[in-house]
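Chemist: This is the structure I want to talk about, given as structure tokens.
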Amino acid sequence: MLAPNGRTSDGWEHAPPHGDVTSPIGVPIESTLAALLAAGNASGHFAPPGVDPESDIITDATRVLAGNPFPPEDPIVARAVRVYRDLKSPITTAPQGRVPVFWVHGLTDPLFPAFEPLTVMNTVHEVDPAYPFKLFLGDFGHDYTGQRADEWELAITQMNDFLDHFLRPDRSPQTPAFDVGATVTRCLDHDAPMRFVSADRWHDLHPHHVTFTSDEGGQTSTAAPGPAALATDPISTATLPLPGSYPGCRIMEPSEPDPTAVTYEFEVTEDLVLMGGPVVDIAFTTSGPDVPLSVRLWDVEEDGAAQGLVTRFTYRVAEGPGEGRAHFQLAPQGYRFPAGHRIKVEVVANDAPYYQASNIPAVVDVHGLELALPLLEPPGGPPGDGTTDLPAPAPDDTPSLPATGPPFGSAGSLLGLLALAAATSVWRRSNCPRAP
């Protein structure tokens with residue numbers, strides 16, 4: 001979670017299988033890690049560096065914030081993988097007995113994306129398919145979630161019923177359904193009523209899918225983040241008490257091209273209700289190794305007056321320089337794309353300050369993209385075979401970027417991050433201020 005490498009999967013049949021999330025070492029969620037370290041130093045207590053190797057937060061965080069490369073033979077890197085995965089993660093602990101679980105989690109949470117509960121649930125069900133595990137996914141959690149009051153009310157009602165049954169069965173005798181429920185996130189349609197759906201299993205919520213493809217290309221670079229990267233960082237635009245900060249979906253007004261991204265836009269001819277993790281397949285050539293290749297998925301209004309961030313994720317390219325292929329799943333989400341809107345996909349090699357920028361300069365030539373969206377229901381009609389292929393227009397013209405190094409160098413400076421946060425806030429205030 002702290003450094004995703006793009007090998008995570010919720011198990012959807014059209015997604016790559018769940019892989020090794022520690023090889024290669026992923027891309028740190030830099031602004032959040034720096035903010036957590038600063039908060040801990042300000043109001044808590046960390047073990048002194050070098051005293052306890054299993055609690056050495058200062059040493060570990062300093063090494064992570066120094067940036068890539070993260071060779072597995074680096075003793076600090078190797079120790080961190082062992083400590084945080086083998087000793088401190090529930091994913092490595094087999095379930096013992098049967099304690100009923102009701103996990104309420106954010107679909108839109110940029111710190112803990114929905115991969116986290118889904119991965120744990122899938123792991124538990126691999127051991128015991130009948131394990132009593134209930135999941136509720138909604139628009140709440142850490143910034144930049146919307147914290148929807150109606151969704152919280154429904155979740156709390158279900159939680160109370162769940163606890164009543166197991167602790168006070170005389171009050172709630174009916175056994176709760178061990179199912180998966182999810183809401184459809186409201187972003188550009190902020191005032192729409194809540195929509196909640198549930199099914200016995202997560203994959204029952206997306207029996208259909210639609211595929212968009214394009215063999216057009218473009219160029220991106222590790223050189224510098226673009227305006228969309230700066231405007232969608234959860235720390236500088238939602239958490240810090242700065243002008244321009246606001247809760248909920250990241251919205252840019254108007255919709256504008258990001259010169260640092262390879263951009264694809266696809267027309268939505270019929271309403272599409274995304275439910276699950278979109279899958280991208282990107283062919284590329286890179287001039288350098290260890291590239292963090294990130295994808296942002298947007299909903300663009302018909303007139304281009306605004307675009308709302310739907311989901312995102314990143315992929316650490318293990319190979320390079322040379323040709324490569326990034327086939328990975330974006331963070332699961334529930335979202336309605338109305339007919340007439342456009343789906344925008346941005347591929348970038350620098351999505352800082354949210355995802356850490358690479359210390360290794362590289363230019364990435366993208367040769368084409370395929371996007372598969374898992375759908376709650378078929379596009380515009382009764383259920384069919386679950387598959388629809390739509391034509392894709394050519395991507396926007398994307399200017400080439402110079403192969404220069406990152407402007408901020410190593411990412412170890414918290415002061416630099418705070419300055420970037422302030423600059424980002426000013427940019428948002430002057431360019432795309434929407435406070436839902």
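Here, A, B, ... name the chains of the structure tokens in the order displayed, residue numbers run from 1 inside each chain, and ligands are numbered from 1 in the same displayed order.
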Counting only C-alpha atoms, which residues of range 179-232 of chain A fall within 7 Å of range 333-336 of chain A, and what is the closest atom pair for each with its distance in Å at one decimal, ordered by chain and rising number, as JSON lines?
Modeler:
```
{"residue": "A:Thr183", "atom": "CA", "partner": "A:Gly334", "partner_atom": "CA", "distance": 6.4}
{"residue": "A:Val184", "atom": "CA", "partner": "A:Gly334", "partner_atom": "CA", "distance": 4.5}
{"residue": "A:Thr185", "atom": "CA", "partner": "A:Tyr335", "partner_atom": "CA", "distance": 5.1}
```
Chemist: Using only C-alpha atoms, which residues sit within 7 Å of range 311-319 of chain A once same-chain residues fewer than 5 positions away are excluded, as an MDAnalysis selection string?
Modeler: chainID A and resid 4:6 24 26:27 289:297 330:331 333
Chemist: Which residue is closest to Met1 in chain A? Choose from A:Asp299, A:Glu116, A:Asp86, A:Asp56 and count only C-alpha atoms.
Modeler: A:Glu116
Chemist: Quick one: everything within 7 Å of Ala15 in chain A, counting only C-alpha atoms, minus sequence neighbours fewer than 4 positions away in the same chain. Send it as a ChimeraX atom specification.
Modeler: /A:9,11,279,328-329
Chemist: Using only C-alpha atoms, which of A:Thr285, A:Val127, A:Met121, A:Glu301 sits nearest Gln96 in chain A?
Modeler: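 Ranked by minimum distance to Gln96 in chain A, first place goes to A:Val127.
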Chemist: Please report, as a Markdown table, each residue of range 15-89 of chain A lying at most 8 Å from range 348-368 of chain A, together with the nearest pair of atoms and the separation in Å rounded to one decimal; use only C-alpha atoms, and order rows by chain and ascending residue number.
Modeler:
```
| residue | atom | partner | partner_atom | distance |
| --- | --- | --- | --- | --- |
| A:Val27 | CA | A:Gln356 | CA | 6.0 |
| A:Pro28 | CA | A:Gln356 | CA | 5.5 |
| A:Ile29 | CA | A:Tyr355 | CA | 4.6 |
| A:Glu30 | CA | A:Gln356 | CA | 5.1 |
| A:Ser31 | CA | A:Tyr354 | CA | 5.3 |
| A:Thr32 | CA | A:Tyr354 | CA | 7.2 |
| A:Gly67 | CA | A:Asn359 | CA | 6.5 |
| A:Asn68 | CA | A:Asn359 | CA | 6.0 |
| A:Pro69 | CA | A:Asn359 | CA | 7.5 |
```
Chemist: Save out the residues we just selected, C-alpha atoms, as a JSON list (two decimals), in the first residue's frame.
Modeler:
```json
[["chain", "number", "residue", "atom", "x", "y", "z"],
["A", 27, "VAL", "CA", 6.45, 3.65, -6.27],
["A", 28, "PRO", "CA", 6.09, 5.33, -2.85],
["A", 29, "ILE", "CA", 3.02, 7.50, -2.25],
["A", 30, "GLU", "CA", 5.43, 10.26, -1.45],
["A", 31, "SER", "CA", 3.34, 13.23, -0.30],
["A", 32, "THR", "CA", 1.36, 11.05, 2.12],
["A", 67, "GLY", "CA", 13.87, 7.65, -3.92],
["A", 68, "ASN", "CA", 14.77, 5.00, -6.43],
["A", 69, "PRO", "CA", 16.50, 2.81, -7.32]]
```
Chemist: Among range 28-118 of chain A, which ones does DSSP place in alpha helix (DSSP H), written as an MDAnalysis selection string?
Modeler: chainID A and resid 30:43 57:66 75:81 115:118
Chemist: Keeping only N, CA and C atoms, write the selected residues as a short mmCIF file (atom, residue, chain, number, x, y, z; two decimals), in the first residue's frame.
Modeler:
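Output below, filename part-v8.cif:
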```cif
data_model
loop_
_atom_site.label_atom_id
_atom_site.label_comp_id
_atom_site.auth_asym_id
_atom_site.auth_seq_id
_atom_site.Cartn_x
_atom_site.Cartn_y
_atom_site.Cartn_z
N GLU A 30 4.44 9.40 -2.09
CA GLU A 30 5.43 10.26 -1.45
C GLU A 30 4.82 11.36 -0.57
N SER A 31 3.86 12.11 -1.08
CA SER A 31 3.34 13.23 -0.30
C SER A 31 2.69 12.74 0.99
N THR A 32 2.00 11.60 0.92
CA THR A 32 1.36 11.05 2.12
C THR A 32 2.40 10.55 3.10
N LEU A 33 3.42 9.85 2.62
CA LEU A 33 4.47 9.36 3.52
C LEU A 33 5.18 10.51 4.21
N ALA A 34 5.50 11.56 3.46
CA ALA A 34 6.17 12.71 4.06
C ALA A 34 5.28 13.38 5.09
N ALA A 35 3.99 13.48 4.80
CA ALA A 35 3.06 14.10 5.74
C ALA A 35 2.91 13.26 7.01
N LEU A 36 2.83 11.93 6.85
CA LEU A 36 2.73 11.05 8.02
C LEU A 36 3.99 11.15 8.88
N LEU A 37 5.15 11.20 8.24
CA LEU A 37 6.40 11.32 8.99
C LEU A 37 6.43 12.64 9.76
N ALA A 38 6.01 13.73 9.11
CA ALA A 38 6.00 15.03 9.77
C ALA A 38 5.02 15.04 10.93
N ALA A 39 3.82 14.44 10.73
CA ALA A 39 2.83 14.40 11.80
C ALA A 39 3.32 13.58 12.98
N GLY A 40 3.97 12.45 12.69
CA GLY A 40 4.50 11.62 13.77
C GLY A 40 5.58 12.33 14.56
N ASN A 41 6.45 13.03 13.85
CA ASN A 41 7.51 13.78 14.54
C ASN A 41 6.93 14.91 15.39
N ALA A 42 5.83 15.50 14.93
CA ALA A 42 5.26 16.65 15.63
C ALA A 42 4.45 16.25 16.85
N SER A 43 3.73 15.13 16.77
CA SER A 43 2.79 14.81 17.84
C SER A 43 2.96 13.43 18.44
N ILE A 57 11.37 3.50 12.19
CA ILE A 57 10.59 4.28 11.23
C ILE A 57 11.43 5.37 10.58
N ILE A 58 12.26 6.04 11.37
CA ILE A 58 13.04 7.17 10.84
C ILE A 58 13.98 6.70 9.72
N THR A 59 14.72 5.63 9.97
CA THR A 59 15.65 5.13 8.96
C THR A 59 14.92 4.65 7.72
N ASP A 60 13.85 3.90 7.93
CA ASP A 60 13.10 3.35 6.80
C ASP A 60 12.48 4.47 5.96
N ALA A 61 11.83 5.44 6.63
CA ALA A 61 11.17 6.52 5.89
C ALA A 61 12.18 7.39 5.15
N THR A 62 13.31 7.65 5.78
CA THR A 62 14.35 8.46 5.13
C THR A 62 14.84 7.78 3.87
N ARG A 63 15.02 6.45 3.95
CA ARG A 63 15.48 5.71 2.76
C ARG A 63 14.42 5.74 1.66
N VAL A 64 13.16 5.55 2.01
CA VAL A 64 12.10 5.56 1.00
C VAL A 64 12.00 6.92 0.34
N LEU A 65 12.03 7.99 1.13
CA LEU A 65 11.88 9.33 0.58
C LEU A 65 13.09 9.78 -0.22
N ALA A 66 14.23 9.07 -0.07
CA ALA A 66 15.40 9.38 -0.90
C ALA A 66 15.18 8.93 -2.33
N PRO A 75 20.36 -3.34 2.25
CA PRO A 75 19.94 -3.92 3.53
C PRO A 75 18.73 -3.23 4.14
N ILE A 76 18.58 -1.91 3.96
CA ILE A 76 17.42 -1.22 4.51
C ILE A 76 16.17 -1.62 3.74
N VAL A 77 16.27 -1.72 2.42
CA VAL A 77 15.14 -2.14 1.61
C VAL A 77 14.72 -3.56 1.95
N ALA A 78 15.70 -4.45 2.05
CA ALA A 78 15.41 -5.86 2.37
C ALA A 78 14.76 -5.98 3.74
N ARG A 79 15.26 -5.23 4.70
CA ARG A 79 14.68 -5.29 6.04
C ARG A 79 13.25 -4.74 6.03
N ALA A 80 13.02 -3.67 5.30
CA ALA A 80 11.69 -3.07 5.27
C ALA A 80 10.67 -4.03 4.68
N VAL A 81 11.06 -4.72 3.60
CA VAL A 81 10.14 -5.69 2.99
C VAL A 81 9.79 -6.77 4.00
N PHE A 115 -8.22 -1.98 -3.42
CA PHE A 115 -7.41 -3.19 -3.53
C PHE A 115 -7.17 -3.83 -2.15
N GLU A 116 -7.03 -2.99 -1.12
CA GLU A 116 -6.63 -3.51 0.19
C GLU A 116 -7.65 -4.49 0.77
N PRO A 117 -8.92 -4.09 0.97
CA PRO A 117 -9.87 -5.06 1.52
C PRO A 117 -10.16 -6.21 0.56
N LEU A 118 -10.17 -5.94 -0.75
CA LEU A 118 -10.45 -7.00 -1.71
C LEU A 118 -9.35 -8.06 -1.70
#
```
